[in-house]
Amino acid sequence: MSAVSATSRDLARQDAKRPGVANSNAARLFWLLVGVAVLLAVLLASIAIGSKDIPIGTVIDALFAYDDSDDHAIVQALRLPRTALGVTVGMALGMAGALIQALTRNPLADPGILGVNAGAAFFVVLAVGLFGITSVGGYVWFAFLGAIVTTLVVYGIGSAGRGGATPVRLTLAGVATAAVLTGISSAISLLDPETFDRMRHWRAGSLVTPGFEALFAVLPFVAVGLAIALLMARPLNAVALGDDLASALGADILRTRIGVVVATTLLAGAATAAAGPIGFVGLMVPHVSRWIVGPDQRWIFAYTAVLAPTLLLASDIVGRVVMRPGELQVGIVTAFVGAPVLILLARRRKVSGL
Amino acid sequence: MSAIDFGRPVRAVRLFGDAVSHRLDVRTVAVCLALAALALVVALVTLASGDFQVALADVAGALLGQAEGRIRMVVLEWRLPRTALAVLLGAALGLAGAIFQSLTRNPLGSPDIIGFDAGAYTGALVIITLVGGGYFAVAGGALLGGLLTAALVYVLAYRRGVQGFRLIIVGIGVSAMLTSLNTWMLLRAKLEVAMAAAIWGAGSLNGMTLERLGYAGLILAVLVPLALAMSRPMAQLELGDDAARAMGVNAERSRLALLVVGVALTATVTATAGPIGFVALAAPQLARRLTGSAGVAMLPAAAMGALLLVSADYLAQRAFAPTQLPVGIVTVSLGGVYFAWLLLHEARRQ
């Protein structure tokens, strides 16, 4: 009898341990602050490190006492916008991933699943190949429009019929739509060398940006997306229990789904429009956050908002350093950082489920 | 009063007394024959059409060896290798798709999941952009890259046996890494070289010769019977490892054997024509719907694959004539449309 109760007590203790590595709110807050400190350090490093060696003193002067020298110009006109774009895009990608993973209850879902990347690429191909648009400022709007239209189509296909937009159907609709668009995109780009040339650069995913044009174009959308995301944290906690239980708890399933899809589209669409398709940040960071803090979406969102820009900026710095004086596009670096993590996760016995 | 349901009509075939016997499902046989006939018709039409139109009767004559001069050259030397390869490679892709979907018990399973296509593209890119070489060097590089990748994915996914879900995830991870490596190599190459590589990467049947048809035909003549011979253990593995073992199937060994044959089929296709997407994904599912069977089966999938690829190739040649699209672009687009249709169709039926 006592043996049985001891076992059940052990089980209960194990169960209490499972939520996350940091299992009290104090610990979670502490590690969040550590995360913020790391983000600040990476931010500084991103401004200080580049293919041209600029002493740290000069970098600080460039920020606070600008004197129009070459070094100062590099910092102000190239590295500062690049870093700001990195923070914005990183946060947007991470939050989009956290949202879509919570909605589909699939720990391996990625914002690309709703066809955002394929849709953005398709519209950029149209812009370049058919309308001859070549400025980055012009791409941004096409990419964004493509992301939104594609998500609408995917949601339309996925929600047809009585079952409504279940996660599985959304995923399949996303795969199908992405396939069609990718096929047509490559047909158009293979017919014309110049379009092909621009697309191969866009596809790599890069934060390099002359000035703040791209950043300011997408910033309002990222802000709205983040605001919606924060409102969704609580209902998503209920959705994690299953649709029936969530409705019983008073969560509005339909409104939550629509809110999440809108926020994901705004965030992922804006990020892809500004920087091209960058993979794995949206997949990996929410996953790591869940591993640290357990299943509460409010904490997951907070951690994701800090860790995702950290990861993206760090990858960008690595891309600048490894092939000096050349650069490796950040989208390529994130794939090389992210894929091994994904494989490790798959080899672990249990993925931090939802 | 309703009739008694005896299940699906089945005929038994016995050869050499009772030495060889096999039960044939009537509907499956009918579907296979119909698909094969359709593929043949599309192939004949493809052989007949082009800048130089040939009458169907002349095409038949040329195939039977009764044509002379120009018609003989156009039909047999220019068009036949491409069309025959479309049929053969389509069937191989259908078979490979059936194997992978059965192994992973996942209708979205296809050879791409084990990273083969991405790895083959990497191998081809290394040859095209760094080393430089002709058709056979590229085919060799693709083969090596694809096989190494498939082996790597298998090893990484191995943990006291290979489980379908883990195989898929590891495949996604490795493919993503290789894909970004491919992007990078394309970026560093000169524009013309990069475009040639991208056309290869889309999967194209342009410029096929009788010689290539010969090589691919020889390899497939070995692989296809091997695959078909394993259709019985494959069906039993679908019941789960325990049930399969109870029926006397060595689960892990059969799975590895099926995996090797599936990869070899894909490798043959990729080495010949580049990675052609979606046929392996769609063919087994389409065939399953037509035959109304419980699981995916090899022969109907092969017939469907042949029909799909030969039709896609007709479109690739004629849609934007005289510009010839890579056939892979057509298969991917059509496959996606089919997929979306399937979703809508199933939604309406609910």
# chains A, B, ... in the order shown; residues from 1 in each chain; ligands from 1
>>> select_by_dssp(residues="region 184-344 of chain B", states="helix (DSSP H, G or I)", output="ChimeraX atom specification")
/B:184-188,191-202,210-229,231-237,241-246,251-273,279-291,298-318,327-344
>>> write_last_selection(atoms="C-alpha atoms", output="short mmCIF file (atom, residue, chain, number, x, y, z; two decimals), in the first residue's frame")
data_model
loop_
_atom_site.label_atom_id
_atom_site.label_comp_id
_atom_site.auth_asym_id
_atom_site.auth_seq_id
_atom_site.Cartn_x
_atom_site.Cartn_y
_atom_site.Cartn_z
CA TRP B 184 24.45 29.84 -51.40
CA MET B 185 26.12 27.92 -54.24
CA LEU B 186 23.62 29.37 -56.72
CA LEU B 187 24.44 32.85 -55.39
CA ARG B 188 28.16 32.43 -55.91
CA LEU B 191 24.37 33.80 -63.82
CA GLU B 192 24.32 31.42 -66.84
CA VAL B 193 25.79 28.58 -64.81
CA ALA B 194 23.33 29.21 -61.98
CA MET B 195 20.41 29.17 -64.40
CA ALA B 196 21.50 25.93 -66.01
CA ALA B 197 21.82 24.44 -62.53
CA ALA B 198 18.38 25.72 -61.53
CA ILE B 199 16.81 24.16 -64.61
CA TRP B 200 18.41 20.87 -63.67
CA GLY B 201 17.14 21.39 -60.13
CA ALA B 202 13.57 21.84 -61.30
CA LEU B 210 18.49 7.04 -76.77
CA GLU B 211 21.67 6.35 -74.81
CA ARG B 212 20.19 7.74 -71.59
CA LEU B 213 16.96 5.84 -72.23
CA GLY B 214 19.05 2.69 -72.49
CA TYR B 215 20.86 3.22 -69.18
CA ALA B 216 17.74 4.17 -67.24
CA GLY B 217 15.78 1.29 -68.81
CA LEU B 218 18.45 -1.25 -67.82
CA ILE B 219 18.59 -0.09 -64.20
CA LEU B 220 14.81 0.03 -63.86
CA ALA B 221 14.52 -3.44 -65.38
CA VAL B 222 16.35 -4.67 -62.27
CA LEU B 223 14.82 -2.38 -59.67
CA VAL B 224 11.12 -2.59 -60.59
CA PRO B 225 10.82 -6.40 -60.21
CA LEU B 226 12.78 -6.14 -56.93
CA ALA B 227 10.30 -3.59 -55.64
CA LEU B 228 7.24 -5.55 -56.77
CA ALA B 229 8.60 -8.68 -55.11
CA SER B 231 4.88 -5.68 -52.05
CA ARG B 232 3.71 -8.40 -49.67
CA PRO B 233 6.02 -7.58 -46.71
CA MET B 234 5.24 -3.92 -47.37
CA ALA B 235 1.51 -4.50 -46.93
CA GLN B 236 2.17 -6.43 -43.74
CA LEU B 237 4.44 -3.76 -42.26
CA ASP B 241 5.71 -4.13 -36.56
CA ASP B 242 4.24 -6.62 -34.08
CA ALA B 243 1.59 -7.91 -36.45
CA ALA B 244 4.13 -8.11 -39.28
CA ARG B 245 6.55 -10.08 -37.11
CA ALA B 246 3.74 -12.44 -36.12
CA ALA B 251 10.33 -5.89 -39.70
CA GLU B 252 13.58 -3.94 -39.46
CA ARG B 253 15.27 -5.80 -42.30
CA SER B 254 12.26 -5.53 -44.65
CA ARG B 255 12.00 -1.84 -43.88
CA LEU B 256 15.65 -1.27 -44.70
CA ALA B 257 15.33 -3.28 -47.91
CA LEU B 258 12.25 -1.31 -48.98
CA LEU B 259 14.01 1.94 -48.11
CA VAL B 260 17.04 0.95 -50.22
CA VAL B 261 14.91 0.04 -53.25
CA GLY B 262 12.82 3.20 -52.85
CA VAL B 263 15.93 5.35 -52.70
CA ALA B 264 17.47 3.51 -55.66
CA LEU B 265 14.35 4.14 -57.77
CA THR B 266 14.41 7.82 -56.87
CA ALA B 267 18.15 7.96 -57.52
CA THR B 268 17.68 6.59 -61.02
CA VAL B 269 15.07 9.22 -61.80
CA THR B 270 17.09 12.06 -60.31
CA ALA B 271 20.31 11.05 -62.02
CA THR B 272 18.51 10.87 -65.36
CA ALA B 273 16.30 13.94 -65.27
CA VAL B 279 4.60 12.62 -58.83
CA ALA B 280 5.77 10.36 -56.02
CA LEU B 281 3.49 12.21 -53.61
CA ALA B 282 0.31 12.29 -55.68
CA ALA B 283 0.43 9.05 -57.71
CA PRO B 284 -0.07 6.55 -54.87
CA GLN B 285 -2.91 8.57 -53.35
CA LEU B 286 -4.70 9.07 -56.66
CA ALA B 287 -4.34 5.37 -57.45
CA ARG B 288 -5.64 4.41 -54.03
CA ARG B 289 -8.75 6.49 -54.60
CA LEU B 290 -9.39 4.86 -57.95
CA THR B 291 -8.86 1.31 -56.77
CA MET B 298 2.67 -0.57 -55.91
CA LEU B 299 1.34 -1.46 -59.35
CA PRO B 300 -1.54 1.05 -59.52
CA ALA B 301 0.82 3.74 -58.17
CA ALA B 302 3.34 2.93 -60.90
CA ALA B 303 0.69 3.11 -63.65
CA MET B 304 -0.63 6.38 -62.26
CA GLY B 305 2.89 7.81 -62.00
CA ALA B 306 3.56 6.99 -65.64
CA LEU B 307 0.32 8.66 -66.72
CA LEU B 308 1.00 11.75 -64.59
CA LEU B 309 4.55 12.30 -65.81
CA VAL B 310 3.86 11.69 -69.47
CA SER B 311 0.89 14.10 -69.32
CA ALA B 312 2.92 16.71 -67.43
CA ASP B 313 5.67 16.36 -70.04
CA TYR B 314 3.17 16.97 -72.84
CA LEU B 315 2.12 20.19 -71.10
CA ALA B 316 5.73 21.20 -70.43
CA GLN B 317 6.49 20.88 -74.14
CA ARG B 318 3.36 22.47 -75.54
CA VAL B 327 8.70 19.14 -66.50
CA GLY B 328 9.20 19.38 -62.73
CA ILE B 329 7.61 22.81 -62.71
CA VAL B 330 4.48 21.41 -64.32
CA THR B 331 4.25 18.44 -61.94
CA VAL B 332 4.65 20.67 -58.89
CA SER B 333 1.97 23.10 -60.03
CA LEU B 334 -0.48 20.40 -61.09
CA GLY B 335 0.21 18.40 -57.95
CA GLY B 336 -0.61 21.41 -55.79
CA VAL B 337 -3.87 22.02 -57.65
CA TYR B 338 -4.80 18.36 -57.20
CA PHE B 339 -4.05 18.62 -53.52
CA ALA B 340 -6.17 21.72 -53.00
CA TRP B 341 -8.99 20.10 -54.98
CA LEU B 342 -8.73 17.02 -52.80
CA LEU B 343 -9.12 19.10 -49.65
CA LEU B 344 -12.14 20.95 -50.99
#
>>> closest_atom_pairs(of="chain A", to="chain B", cutoff="8 Å", atoms="only C-alpha atoms", output="JSON lines")
{"residue": "A:Ile157", "atom": "CA", "partner": "B:Leu344", "partner_atom": "CA", "distance": 6.4}
{"residue": "A:Gly158", "atom": "CA", "partner": "B:Leu343", "partner_atom": "CA", "distance": 7.4}
{"residue": "A:Ala160", "atom": "CA", "partner": "B:Ala347", "partner_atom": "CA", "distance": 6.0}
{"residue": "A:Gly161", "atom": "CA", "partner": "B:Ala347", "partner_atom": "CA", "distance": 4.5}
{"residue": "A:Arg162", "atom": "CA", "partner": "B:Gln350", "partner_atom": "CA", "distance": 6.8}
{"residue": "A:Gly163", "atom": "CA", "partner": "B:Ala347", "partner_atom": "CA", "distance": 7.3}
{"residue": "A:Arg169", "atom": "CA", "partner": "B:Leu343", "partner_atom": "CA", "distance": 7.5}
{"residue": "A:Leu172", "atom": "CA", "partner": "B:Leu343", "partner_atom": "CA", "distance": 7.9}
{"residue": "A:Ala173", "atom": "CA", "partner": "B:Ala340", "partner_atom": "CA", "distance": 6.1}
{"residue": "A:Val175", "atom": "CA", "partner": "B:Gly336", "partner_atom": "CA", "distance": 7.8}
{"residue": "A:Ala176", "atom": "CA", "partner": "B:Gly336", "partner_atom": "CA", "distance": 4.4}
{"residue": "A:Thr177", "atom": "CA", "partner": "B:Gly336", "partner_atom": "CA", "distance": 6.1}
{"residue": "A:Ala178", "atom": "CA", "partner": "B:Gly336", "partner_atom": "CA", "distance": 7.6}
{"residue": "A:Ala179", "atom": "CA", "partner": "B:Gly336", "partner_atom": "CA", "distance": 5.2}
{"residue": "A:Val180", "atom": "CA", "partner": "B:Ser333", "partner_atom": "CA", "distance": 4.1}
{"residue": "A:Leu181", "atom": "CA", "partner": "B:Ser333", "partner_atom": "CA", "distance": 7.1}
{"residue": "A:Thr182", "atom": "CA", "partner": "B:Ser333", "partner_atom": "CA", "distance": 7.6}
{"residue": "A:Gly183", "atom": "CA", "partner": "B:Ile329", "partner_atom": "CA", "distance": 4.9}
{"residue": "A:Ile184", "atom": "CA", "partner": "B:Ser333", "partner_atom": "CA", "distance": 6.7}
{"residue": "A:Ser186", "atom": "CA", "partner": "B:Ile329", "partner_atom": "CA", "distance": 7.1}
{"residue": "A:Ala187", "atom": "CA", "partner": "B:Ile329", "partner_atom": "CA", "distance": 6.4}
{"residue": "A:Leu190", "atom": "CA", "partner": "B:Met195", "partner_atom": "CA", "distance": 7.0}
{"residue": "A:Pro193", "atom": "CA", "partner": "B:Met195", "partner_atom": "CA", "distance": 7.3}
{"residue": "A:Phe196", "atom": "CA", "partner": "B:Met195", "partner_atom": "CA", "distance": 7.4}
{"residue": "A:Asp197", "atom": "CA", "partner": "B:Leu191", "partner_atom": "CA", "distance": 6.7}
{"residue": "A:Arg200", "atom": "CA", "partner": "B:Leu187", "partner_atom": "CA", "distance": 6.4}
{"residue": "A:His201", "atom": "CA", "partner": "B:Leu187", "partner_atom": "CA", "distance": 6.6}
{"residue": "A:Arg203", "atom": "CA", "partner": "B:Thr183", "partner_atom": "CA", "distance": 7.6}
{"residue": "A:Ala204", "atom": "CA", "partner": "B:Thr183", "partner_atom": "CA", "distance": 6.2}
{"residue": "A:Gly331", "atom": "CA", "partner": "B:Ser180", "partner_atom": "CA", "distance": 7.6}
{"residue": "A:Ile332", "atom": "CA", "partner": "B:Ser180", "partner_atom": "CA", "distance": 5.1}
{"residue": "A:Ala335", "atom": "CA", "partner": "B:Met177", "partner_atom": "CA", "distance": 5.4}
{"residue": "A:Phe336", "atom": "CA", "partner": "B:Met177", "partner_atom": "CA", "distance": 5.5}
{"residue": "A:Gly338", "atom": "CA", "partner": "B:Gly173", "partner_atom": "CA", "distance": 7.9}
{"residue": "A:Ala339", "atom": "CA", "partner": "B:Gly173", "partner_atom": "CA", "distance": 4.5}
{"residue": "A:Pro340", "atom": "CA", "partner": "B:Gly173", "partner_atom": "CA", "distance": 6.9}
{"residue": "A:Leu342", "atom": "CA", "partner": "B:Gly173", "partner_atom": "CA", "distance": 6.1}
{"residue": "A:Ile343", "atom": "CA", "partner": "B:Val170", "partner_atom": "CA", "distance": 5.2}
{"residue": "A:Ala346", "atom": "CA", "partner": "B:Arg166", "partner_atom": "CA", "distance": 5.8}
{"residue": "A:Arg347", "atom": "CA", "partner": "B:Ala157", "partner_atom": "CA", "distance": 6.9}
>>> closest_residue(among="B:Gly141, B:Asn106, B:Phe100, B:Leu76", to="Tyr121 (chain B)", atoms="only C-alpha atoms")
B:Gly141
>>> residues_around(residues="region 107-120 of chain A", least_positions_apart="5", cutoff="8 Å", atoms="only C-alpha atoms", output="PyMOL selection string")
chain A and resi 93+96-97+100-102+142-151+154+170-171+173-175+177-179+181-182+264-265+268-269+272-273+277+279-280+282-283+287+351-354
>>> atom_distance(atom1="CA of Phe320 (chain B)", atom2="CA of Leu93 (chain B)")
25.2 Å
>>> atom_distance(atom1="CA of Ile56 (chain A)", atom2="CA of Gly205 (chain A)")
27.9 Å
>>> residues_around(residues="region 301-304 of chain A", least_positions_apart="5", cutoff="6 Å", atoms="only C-alpha atoms", output="PyMOL selection string")
chain A and resi 94+285-286+289
>>> write_last_selection(atoms="C-alpha atoms", output="short mmCIF file (atom, residue, chain, number, x, y, z; two decimals), in the first residue's frame")
data_model
loop_
_atom_site.label_atom_id
_atom_site.label_comp_id
_atom_site.auth_asym_id
_atom_site.auth_seq_id
_atom_site.Cartn_x
_atom_site.Cartn_y
_atom_site.Cartn_z
CA GLY A 94 9.53 34.39 -33.43
CA VAL A 285 12.70 29.89 -30.64
CA PRO A 286 9.14 29.18 -29.42
CA SER A 289 10.99 28.99 -24.88
#
>>> residues_around(residues="Thr83 (chain B)", least_positions_apart="2", cutoff="9 Å", atoms="only C-alpha atoms", output="list in words")
Ala43, Leu44, Thr46, Leu47, Arg79, Leu80, Pro81, Leu85, Ala86, Val87, Leu88, Leu205, Val310, Asp313 and Tyr314 of chain B
>>> closest_residue(among="B:Ala151, B:Ala39, B:Ala30, B:Met247", to="Ala84 (chain B)", atoms="only C-alpha atoms")
B:Ala39
>>> atom_distance(atom1="CA of Thr88 (chain A)", atom2="CA of Leu344 (chain A)")
27.9 Å
>>> residues_around(residues="Ser206 (chain A)", least_positions_apart="6", cutoff="8 Å", atoms="only C-alpha atoms", output="MDAnalysis selection string")
chainID A and resid 275:276 278 329:331
>>> write_last_selection(atoms="N, CA and C atoms", output="mmCIF file, in the first residue's frame")
data_model
loop_
_atom_site.group_PDB
_atom_site.id
_atom_site.type_symbol
_atom_site.label_atom_id
_atom_site.label_comp_id
_atom_site.auth_asym_id
_atom_site.auth_seq_id
_atom_site.Cartn_x
_atom_site.Cartn_y
_atom_site.Cartn_z
ATOM 1 N N ALA A 275 12.946 41.194 -45.292
ATOM 2 C CA ALA A 275 14.236 40.511 -45.288
ATOM 3 C C ALA A 275 14.299 39.281 -46.171
ATOM 4 N N GLY A 276 13.223 38.939 -46.876
ATOM 5 C CA GLY A 276 13.230 37.693 -47.622
ATOM 6 C C GLY A 276 12.909 36.536 -46.698
ATOM 7 N N ILE A 278 13.306 33.817 -44.204
ATOM 8 C CA ILE A 278 14.302 33.368 -43.224
ATOM 9 C C ILE A 278 13.667 32.245 -42.416
ATOM 10 N N GLN A 329 24.564 35.168 -46.109
ATOM 11 C CA GLN A 329 23.232 35.700 -45.819
ATOM 12 C C GLN A 329 22.667 35.069 -44.553
ATOM 13 N N VAL A 330 21.919 35.861 -43.801
ATOM 14 C CA VAL A 330 21.477 35.406 -42.486
ATOM 15 C C VAL A 330 20.541 34.207 -42.608
ATOM 16 N N GLY A 331 19.746 34.137 -43.681
ATOM 17 C CA GLY A 331 18.837 33.008 -43.861
ATOM 18 C C GLY A 331 19.598 31.694 -43.977
#
